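*Asks:* You'll find entry_20.pdb just under this line, and it carries PDB, C-alpha atoms and all ligand atoms.
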ATOM      1  CA  MET A   1     130.002  -0.068 110.241
ATOM      2  CA  GLU A   2     130.677   1.410 113.700
ATOM      3  CA  SER A   3     133.880   3.087 112.551
ATOM      4  CA  LYS A   4     132.052   4.448 109.497
ATOM      5  CA  ARG A   5     129.373   5.828 111.813
ATOM      6  CA  SER A   6     131.882   7.532 114.118
ATOM      7  CA  LEU A   7     133.678   8.963 111.095
ATOM      8  CA  LEU A   8     130.369  10.417 109.957
ATOM      9  CA  ALA A   9     129.857  11.884 113.438
ATOM     10  CA  VAL A  10     133.295  13.519 113.293
ATOM     11  CA  LYS A  11     132.529  14.843 109.826
ATOM     12  CA  ASP A  12     129.242  16.319 111.118
ATOM     13  CA  LEU A  13     131.068  17.945 114.008
ATOM     14  CA  LEU A  14     133.663  19.483 111.675
ATOM     15  CA  ILE A  15     130.948  20.757 109.335
ATOM     16  CA  ASP A  16     129.172  22.297 112.353
ATOM     17  CA  LEU A  17     132.354  24.126 113.322
ATOM     18  CA  VAL A  18     132.944  25.534 109.862
ATOM     19  CA  PHE A  19     129.316  26.111 108.843
ATOM     20  CA  PRO A  20     127.113  26.690 111.907
ATOM     21  CA  ARG A  21     124.001  24.579 111.495
ATOM     22  CA  VAL A  22     120.800  26.223 110.306
ATOM     23  CA  CYS A  23     117.395  24.788 109.476
ATOM     24  CA  VAL A  24     117.431  23.363 105.941
ATOM     25  CA  SER A  25     113.957  24.757 105.346
ATOM     26  CA  CYS A  26     113.749  28.248 106.899
ATOM     27  CA  GLY A  27     117.443  28.996 107.441
ATOM     28  CA  LYS A  28     116.869  29.975 111.079
ATOM     29  CA  SER A  29     117.630  28.276 114.393
ATOM     30  CA  ASN A  30     120.501  25.929 115.089
ATOM     31  CA  ASN A  31     118.911  22.632 114.156
ATOM     32  CA  SER A  32     119.069  20.908 110.793
ATOM     33  CA  LEU A  33     115.245  20.958 110.829
ATOM     34  CA  CYS A  34     113.860  23.419 113.375
ATOM     35  CA  GLY A  35     110.858  22.798 115.629
ATOM     36  CA  PHE A  36     108.717  25.248 113.713
ATOM     37  CA  CYS A  37     109.340  23.538 110.370
ATOM     38  CA  LYS A  38     108.926  20.095 111.943
ATOM     39  CA  GLN A  39     105.485  21.156 113.131
ATOM     40  CA  SER A  40     104.537  22.151 109.598
ATOM     41  CA  ILE A  41     105.011  18.535 108.486
ATOM     42  CA  ASN A  42     101.941  16.362 108.979
ATOM     43  CA  PRO A  43     101.181  12.933 107.531
ATOM     44  CA  ALA A  44      99.469  13.238 104.142
ATOM     45  CA  PHE A  45      99.257   9.571 103.185
ATOM     46  CA  GLY A  46      97.916   8.973  99.719
ATOM     47  CA  SER A  47      98.255   6.621  96.794
ATOM     48  CA  LYS A  48      99.310   7.010  93.205
ATOM     49  CA  LEU A  49      98.906   4.829  90.127
ATOM     50  CA  VAL A  50     102.193   3.733  88.566
ATOM     51  CA  PRO A  51     102.481   1.139  85.763
ATOM     52  CA  ASP A  52     103.602  -2.318  87.005
ATOM     53  CA  ILE A  53     103.213  -1.327  90.669
ATOM     54  CA  ASP A  54     100.258  -3.005  92.379
ATOM     55  CA  GLU A  55      99.973  -0.390  95.096
ATOM     56  CA  LEU A  56     101.942   2.719  95.980
ATOM     57  CA  ILE A  57     101.644   4.928  99.035
ATOM     58  CA  PHE A  58     103.350   8.206  99.728
ATOM     59  CA  VAL A  59     103.824   9.724 103.165
ATOM     60  CA  TRP A  60     103.885  13.438 102.359
ATOM     61  CA  ARG A  61     103.071  15.919  99.636
ATOM     62  CA  TYR A  62     106.196  17.239  97.979
ATOM     63  CA  ASP A  63     104.750  20.762  97.755
ATOM     64  CA  ASN A  64     105.145  21.206 101.519
ATOM     65  CA  ARG A  65     108.184  23.452 101.799
ATOM     66  CA  ALA A  66     109.688  21.701 104.833
ATOM     67  CA  VAL A  67     109.129  18.264 103.265
ATOM     68  CA  LYS A  68     110.843  19.376 100.065
ATOM     69  CA  SER A  69     113.806  20.782 102.003
ATOM     70  CA  LEU A  70     114.103  17.669 104.167
ATOM     71  CA  ILE A  71     114.111  15.351 101.153
ATOM     72  CA  LYS A  72     116.510  17.459  99.099
ATOM     73  CA  SER A  73     118.924  17.730 102.005
ATOM     74  CA  LEU A  74     118.716  14.000 102.712
ATOM     75  CA  LYS A  75     119.723  13.428  99.113
ATOM     76  CA  TYR A  76     122.528  15.919  98.591
ATOM     77  CA  ASP A  77     123.845  17.415 101.790
ATOM     78  CA  PHE A  78     125.214  14.449 103.736
ATOM     79  CA  ILE A  79     123.533  15.721 106.926
ATOM     80  CA  THR A  80     123.272  12.660 109.148
ATOM     81  CA  SER A  81     121.111  14.404 111.756
ATOM     82  CA  LEU A  82     118.340  14.621 109.141
ATOM     83  CA  GLU A  83     118.239  10.846 109.189
ATOM     84  CA  ASN A  84     117.264  11.132 112.847
ATOM     85  CA  ASP A  85     114.619  13.702 111.960
ATOM     86  CA  LEU A  86     113.155  11.251 109.461
ATOM     87  CA  ARG A  87     113.288   8.482 112.072
ATOM     88  CA  PHE A  88     111.536  10.815 114.534
ATOM     89  CA  PHE A  89     108.633  11.221 112.110
ATOM     90  CA  LEU A  90     108.254   7.643 110.886
ATOM     91  CA  ASN A  91     108.414   6.175 114.396
ATOM     92  CA  GLN A  92     105.483   8.247 115.575
ATOM     93  CA  GLU A  93     102.413   6.048 116.000
ATOM     94  CA  ILE A  94     100.365   7.889 113.360
ATOM     95  CA  TYR A  95     103.005   7.094 110.713
ATOM     96  CA  ALA A  96     104.134   3.736 112.061
ATOM     97  CA  LYS A  97     100.607   2.303 112.152
ATOM     98  CA  ARG A  98      99.986   3.121 108.488
ATOM     99  CA  LEU A  99     103.403   1.868 107.413
ATOM    100  CA  ARG A 100     103.024  -1.395 109.335
ATOM    101  CA  GLY A 101      99.613  -1.936 107.751
ATOM    102  CA  PHE A 102     100.976  -1.395 104.249
ATOM    103  CA  CYS A 103     104.234  -3.288 104.798
ATOM    104  CA  SER A 104     102.642  -6.382 106.315
ATOM    105  CA  SER A 105     104.765  -8.932 104.446
ATOM    106  CA  GLY A 106     107.596  -9.280 101.963
ATOM    107  CA  CYS A 107     110.827  -7.344 101.842
ATOM    108  CA  LEU A 108     111.829  -3.726 101.347
ATOM    109  CA  VAL A 109     113.856  -3.006  98.220
ATOM    110  CA  PRO A 110     115.495   0.431  98.040
ATOM    111  CA  VAL A 111     115.846   1.919  94.562
ATOM    112  CA  PRO A 112     119.523   1.471  93.696
ATOM    113  CA  LEU A 113     121.852   4.156  92.455
ATOM    114  CA  HIS A 114     124.483   3.409  89.855
ATOM    115  CA  LYS A 115     127.805   2.666  91.606
ATOM    116  CA  LYS A 116     129.345   5.745  90.007
ATOM    117  CA  ARG A 117     126.675   8.041  91.440
ATOM    118  CA  GLU A 118     126.735   6.327  94.829
ATOM    119  CA  LEU A 119     130.511   6.706  95.095
ATOM    120  CA  TRP A 120     130.274  10.358  94.184
ATOM    121  CA  ARG A 121     127.445  11.021  96.643
ATOM    122  CA  GLY A 122     128.831   8.769  99.384
ATOM    123  CA  PHE A 123     125.560   6.984 100.120
ATOM    124  CA  ASN A 124     122.194   6.062  98.678
ATOM    125  CA  GLN A 125     119.357   7.943 100.381
ATOM    126  CA  SER A 126     116.835   5.213  99.455
ATOM    127  CA  VAL A 127     118.901   2.658 101.383
ATOM    128  CA  LYS A 128     118.768   4.903 104.436
ATOM    129  CA  ILE A 129     115.016   5.444 104.086
ATOM    130  CA  ALA A 130     114.494   1.668 103.705
ATOM    131  CA  GLN A 131     116.554   1.065 106.862
ATOM    132  CA  ILE A 132     114.317   3.403 108.845
ATOM    133  CA  ILE A 133     111.115   1.833 107.427
ATOM    134  CA  SER A 134     112.594  -1.568 108.258
ATOM    135  CA  GLU A 135     113.065  -0.488 111.893
ATOM    136  CA  THR A 136     109.465   0.764 111.989
ATOM    137  CA  THR A 137     107.805  -2.212 110.276
ATOM    138  CA  GLY A 138     110.104  -5.133 111.088
ATOM    139  CA  LEU A 139     110.373  -6.119 107.410
ATOM    140  CA  PRO A 140     113.879  -6.888 106.148
ATOM    141  CA  ALA A 141     115.539  -4.406 103.788
ATOM    142  CA  ARG A 142     117.229  -6.135 100.846
ATOM    143  CA  ASN A 143     119.839  -4.055  99.043
ATOM    144  CA  ASP A 144     121.082  -7.038  97.069
ATOM    145  CA  LEU A 145     118.093  -7.869  94.865
ATOM    146  CA  ILE A 146     118.434  -5.268  92.168
ATOM    147  CA  ARG A 147     121.377  -3.410  90.657
ATOM    148  CA  ARG A 148     121.505  -0.378  88.449
ATOM    149  CA  VAL A 149     123.704  -1.426  85.549
ATOM    150  CA  THR A 150     123.566   1.618  83.293
ATOM    151  CA  PHE A 151     124.332   5.195  84.195
ATOM    152  CA  THR A 152     121.493   7.436  83.034
ATOM    153  CA  GLU A 153     121.616  11.200  83.206
ATOM    154  CA  GLN A 154     119.024  12.966  85.355
ATOM    155  CA  GLN A 155     115.791  12.911  83.375
ATOM    156  CA  ALA A 156     113.671  15.566  85.028
ATOM    157  CA  HIS A 157     112.618  17.091  81.702
ATOM    158  CA  LEU A 158     111.284  13.828  80.221
ATOM    159  CA  GLY A 159     107.782  12.360  80.303
ATOM    160  CA  LEU A 160     106.877   8.841  81.493
ATOM    161  CA  ASN A 161     107.231   7.064  78.142
ATOM    162  CA  GLU A 162     110.550   8.724  77.293
ATOM    163  CA  ARG A 163     111.861   7.900  80.752
ATOM    164  CA  LEU A 164     110.769   4.285  80.451
ATOM    165  CA  LEU A 165     112.579   4.039  77.121
ATOM    166  CA  ASN A 166     115.648   5.632  78.677
ATOM    167  CA  LEU A 167     115.586   3.144  81.549
ATOM    168  CA  LYS A 168     115.323   0.064  79.327
ATOM    169  CA  GLY A 169     117.921  -2.380  80.625
ATOM    170  CA  ALA A 170     119.006   0.038  83.384
ATOM    171  CA  PHE A 171     118.222  -2.407  86.195
ATOM    172  CA  LYS A 172     119.179  -6.002  86.657
ATOM    173  CA  ALA A 173     117.753  -8.356  89.270
ATOM    174  CA  THR A 174     120.361 -10.526  90.950
ATOM    175  CA  GLU A 175     120.265 -14.273  91.367
ATOM    176  CA  VAL A 176     120.082 -14.160  95.161
ATOM    177  CA  PRO A 177     117.564 -16.797  96.309
ATOM    178  CA  VAL A 178     114.713 -15.140  98.149
ATOM    179  CA  SER A 179     111.038 -15.668  98.819
ATOM    180  CA  THR A 180     109.398 -14.023  95.828
ATOM    181  CA  GLU A 181     105.993 -13.216  97.198
ATOM    182  CA  THR A 182     106.065  -9.442  97.697
ATOM    183  CA  ALA A 183     108.679  -6.757  97.149
ATOM    184  CA  ILE A 184     108.091  -3.240  98.441
ATOM    185  CA  LEU A 185     110.185  -0.681  96.589
ATOM    186  CA  VAL A 186     111.405   2.301  98.597
ATOM    187  CA  ASP A 187     112.361   5.712  97.236
ATOM    188  CA  ASP A 188     112.381   9.326  98.353
ATOM    189  CA  VAL A 189     110.151  10.904  95.701
ATOM    190  CA  VAL A 190     107.927   9.663  92.897
ATOM    191  CA  THR A 191     107.232  11.813  89.849
ATOM    192  CA  THR A 192     106.290   9.790  86.749
ATOM    193  CA  GLY A 193     107.119   6.474  88.442
ATOM    194  CA  ALA A 194     109.252   5.308  85.485
ATOM    195  CA  THR A 195     112.115   4.153  87.717
ATOM    196  CA  LEU A 196     109.804   2.155  89.981
ATOM    197  CA  SER A 197     108.095   0.673  86.953
ATOM    198  CA  ALA A 198     111.383  -0.408  85.350
ATOM    199  CA  ILE A 199     112.477  -2.117  88.573
ATOM    200  CA  ALA A 200     109.089  -3.790  89.022
ATOM    201  CA  GLN A 201     109.299  -5.302  85.534
ATOM    202  CA  GLU A 202     112.732  -6.702  86.315
ATOM    203  CA  LEU A 203     111.684  -8.198  89.663
ATOM    204  CA  LYS A 204     108.565  -9.748  88.099
ATOM    205  CA  LYS A 205     110.840 -11.541  85.626
ATOM    206  CA  LYS A 206     112.514 -13.140  88.653
ATOM    207  CA  GLY A 207     109.163 -14.396  89.860
ATOM    208  CA  PHE A 208     107.990 -11.753  92.311
ATOM    209  CA  LEU A 209     104.196 -11.872  92.441
ATOM    210  CA  HIS A 210     103.388  -8.523  94.012
ATOM    211  CA  ILE A 211     105.318  -5.304  93.731
ATOM    212  CA  LYS A 212     104.329  -2.421  95.957
ATOM    213  CA  ALA A 213     106.084   0.845  96.717
ATOM    214  CA  VAL A 214     106.491   3.290  99.575
ATOM    215  CA  VAL A 215     107.866   6.731  98.837
ATOM    216  CA  LEU A 216     108.342   9.660 101.158
ATOM    217  CA  ALA A 217     106.703  12.210  98.904
ATOM    218  CA  ALA A 218     104.666  12.684  95.761
TER
HETATM  219 ZN    ZN A 301     112.976  25.825 110.097
END
Can you give me the file's structure in the form of structure tokens?

*Replies:*
Amino acid sequence: MESKRSLLAVKDLLIDLVFPRVCVSCGKSNNSLCGFCKQSINPAFGSKLVPDIDELIFVWRYDNRAVKSLIKSLKYDFITSLENDLRFFLNQEIYAKRLRGFCSSGCLVPVPLHKKRELWRGFNQSVKIAQIISETTGLPARNDLIRRVTFTEQQAHLGLNERLLNLKGAFKATEVPVSTETAILVDDVVTTGATLSAIAQELKKKGFLHIKAVVLAA
């Protein structure tokens, strides 16, 4: 883990040398998210109804330009300093208080990527987000409860029902013994909620009583 972390630090340093760092949102400054753009991000906690999810909260609105840039870059650009930016936000009392209230018991379950996609991307952003929420709330993050067993193409153009159909059998809960009171799914963005719903159905089959979800943006 440590060696992986220092390798990532070296990789960041090399990237900095070749591509001088600019703000992922406004393209100015020499930070991955500049002070100006950081200031434009304020908590916008809200909830959204998703089938099979008892309660879902989101932290930000996805239509905030800096939020959108932060989330996209967390997902695709391998910029480790953005992880620290996310930590900076979620550890602030105004965020932490709300997250601790919502995540009062159970375990955090990041939405898994298919192995093929995770290998290609190098990491799963939901795992990283769950780690940070785990630090803030004290709840354990469990990456071993659910696996993605089928590789589905991106489904941005599909509606909820088509997505649900597409995701049939995509996730499989593992046999790891665990207290099955509450699972809190963690993801970066929610659109139709089909992925969360498919996972919730699978975890309920394993006996989980309550399935909630925290996402960064909606
Ligand atoms: Zn900026």

*Asks:* Which of these residues is nearest to ligand ZN 301 (chain A), using only C-alpha atoms and all ligand atoms: A:Leu70, A:Val189, A:Leu56, A:Leu86?

*Replies:*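 The closest residue to ligand ZN 301 (chain A) is A:Leu70.
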
*Asks:* Applying 10 Å and only C-alpha atoms, which residues near A:Leu90 remain after dropping the ones on its own chain fewer than 2 positions away? List them as a list of chain:residue names.

*Replies:*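 Those residues are A:Pro43, A:Val59, A:Asn84, A:Asp85, A:Leu86, A:Arg87, A:Phe88, A:Gln92, A:Glu93, A:Ile94, A:Tyr95, A:Ala96, A:Lys97, A:Arg98, A:Leu99, A:Ile129, A:Ile132, A:Ile133, A:Glu135, A:Thr136, A:Thr137, A:Leu216.
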
*Asks:* Counting only C-alpha atoms and all ligand atoms, what residues are within 10 Å of ligand ZN 301 (chain A), given as JSON, numbers by chain?

*Replies:* {"A": [22, 23, 24, 25, 26, 27, 28, 29, 30, 31, 32, 33, 34, 35, 36, 37, 38, 39, 40, 65, 66, 69]}

*Asks:* Take atom CA of A:Tyr62 and atom CA of A:Gly46 and report the distance between them in Å, one decimal.

*Replies:*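 Pair atom CA of A:Tyr62 / atom CA of A:Gly46 returns 11.8 Å.
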
*Asks:* To one decimal in Å, tell me the separation between atom CA of A:Glu175 and atom CA of A:Arg100.

*Replies:*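 Taking atom CA of A:Glu175 as the start and atom CA of A:Arg100 as the end point, the length is 28.0 Å.
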
*Asks:* Taking the file as I've supplied it (selection: the PyMOL selection byres (((chain A and resi 104) around 10) and not hetatm)), which residues are included? Please answer as a ChimeraX atom specification.

*Replies:* /A:99-103,105-107,137-139,182

*Asks:* Can you tell me how far atom CA of A:Ala183 sits from atom CA of A:Leu113, in Å to one decimal?

*Replies:*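 Computing it gives 17.7 Å between the two atoms.
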
*Asks:* Counting all atoms listed in the file, which residues sit no farther than 7 Å from the position (106.5, 2.1, 88.4) in the file's frame? I'd like them as a list in words.

*Replies:*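 Counting all atoms listed in the file, I find these residues within 7 Å of (106.5, 2.1, 88.4): Val50, Pro51, Asp52, Ile53, Gly193, Ala194, Thr195, Leu196, Ser197, Ala198 and Ala200 of chain A.
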
*Asks:* Since I can't run it myself right now, could you work out what the PyMOL selection byres (((chain A and resi 144-151) around 9) and not hetatm) selects here and report it as number ranges by chain?

*Replies:* A: 109-117, 142-143, 152-153, 167, 169-176, 178, 199, 202-203

*Asks:* Apply the PyMOL selection byres (((chain A and resi 126) around 7) and not hetatm) to the file shown and report the selected residues as a ChimeraX atom specification.

*Replies:* /A:110-111,124-125,127-130,186-188

*Asks:* Using the file's own x, y and z axes, so that the box edges lie along x, y and z, what centre and edge lengths in Å (one decimal) does a box around every listed atom of stretch 105-117 of chain A get when 3 Å is added on each side? Give it as AutoDock Vina command-line options.

*Replies:*
--center_x 117.1 --center_y -0.6 --center_z 97.2 --size_x 30.6 --size_y 23.3 --size_z 20.6

*Asks:* Can you list, as an MDAnalysis selection string, every protein, DNA or RNA residue that comes within 8 Å of A:Trp60 when you count all atoms listed in the file, leaving out same-chain residues fewer than 3 positions away?

*Replies:* chainID A and resid 42:46 64 67 216:218

*Asks:* Please complete stretch 71-83 of chain A so it has N, CA and C atoms, and hand it over as a PDB file, keeping the file's coordinate frame.

*Replies:*
ATOM      1  N   ILE A  71     113.774  16.385 102.132  1.00  0.00           N
ATOM      2  CA  ILE A  71     114.111  15.351 101.153  1.00  0.00           C
ATOM      3  C   ILE A  71     115.316  15.746 100.305  1.00  0.00           C
ATOM      4  N   LYS A  72     115.362  17.008  99.887  1.00  0.00           N
ATOM      5  CA  LYS A  72     116.510  17.459  99.099  1.00  0.00           C
ATOM      6  C   LYS A  72     117.789  17.363  99.910  1.00  0.00           C
ATOM      7  N   SER A  73     117.715  17.748 101.178  1.00  0.00           N
ATOM      8  CA  SER A  73     118.924  17.730 102.005  1.00  0.00           C
ATOM      9  C   SER A  73     119.354  16.307 102.342  1.00  0.00           C
ATOM     10  N   LEU A  74     118.372  15.417 102.488  1.00  0.00           N
ATOM     11  CA  LEU A  74     118.716  14.000 102.712  1.00  0.00           C
ATOM     12  C   LEU A  74     119.506  13.468 101.518  1.00  0.00           C
ATOM     13  N   LYS A  75     119.133  13.952 100.341  1.00  0.00           N
ATOM     14  CA  LYS A  75     119.723  13.428  99.113  1.00  0.00           C
ATOM     15  C   LYS A  75     121.113  13.988  98.848  1.00  0.00           C
ATOM     16  N   TYR A  76     121.295  15.287  99.066  1.00  0.00           N
ATOM     17  CA  TYR A  76     122.528  15.919  98.591  1.00  0.00           C
ATOM     18  C   TYR A  76     123.491  16.397  99.670  1.00  0.00           C
ATOM     19  N   ASP A  77     122.999  16.657 100.877  1.00  0.00           N
ATOM     20  CA  ASP A  77     123.845  17.415 101.790  1.00  0.00           C
ATOM     21  C   ASP A  77     124.595  16.606 102.841  1.00  0.00           C
ATOM     22  N   PHE A  78     124.450  15.284 102.800  1.00  0.00           N
ATOM     23  CA  PHE A  78     125.214  14.449 103.736  1.00  0.00           C
ATOM     24  C   PHE A  78     124.970  14.839 105.203  1.00  0.00           C
ATOM     25  N   ILE A  79     123.773  15.327 105.534  1.00  0.00           N
ATOM     26  CA  ILE A  79     123.533  15.721 106.926  1.00  0.00           C
ATOM     27  C   ILE A  79     122.939  14.532 107.675  1.00  0.00           C
ATOM     28  N   THR A  80     123.751  13.895 108.517  1.00  0.00           N
ATOM     29  CA  THR A  80     123.272  12.660 109.148  1.00  0.00           C
ATOM     30  C   THR A  80     122.173  12.936 110.171  1.00  0.00           C
ATOM     31  N   SER A  81     122.148  14.150 110.748  1.00  0.00           N
ATOM     32  CA  SER A  81     121.111  14.404 111.756  1.00  0.00           C
ATOM     33  C   SER A  81     119.717  14.412 111.115  1.00  0.00           C
ATOM     34  N   LEU A  82     119.648  14.661 109.802  1.00  0.00           N
ATOM     35  CA  LEU A  82     118.340  14.621 109.141  1.00  0.00           C
ATOM     36  C   LEU A  82     117.775  13.203 109.101  1.00  0.00           C
ATOM     37  N   GLU A  83     118.681  12.239 109.103  1.00  0.00           N
ATOM     38  CA  GLU A  83     118.239  10.846 109.189  1.00  0.00           C
ATOM     39  C   GLU A  83     117.455  10.643 110.479  1.00  0.00           C
TER      40      GLU A  83
END
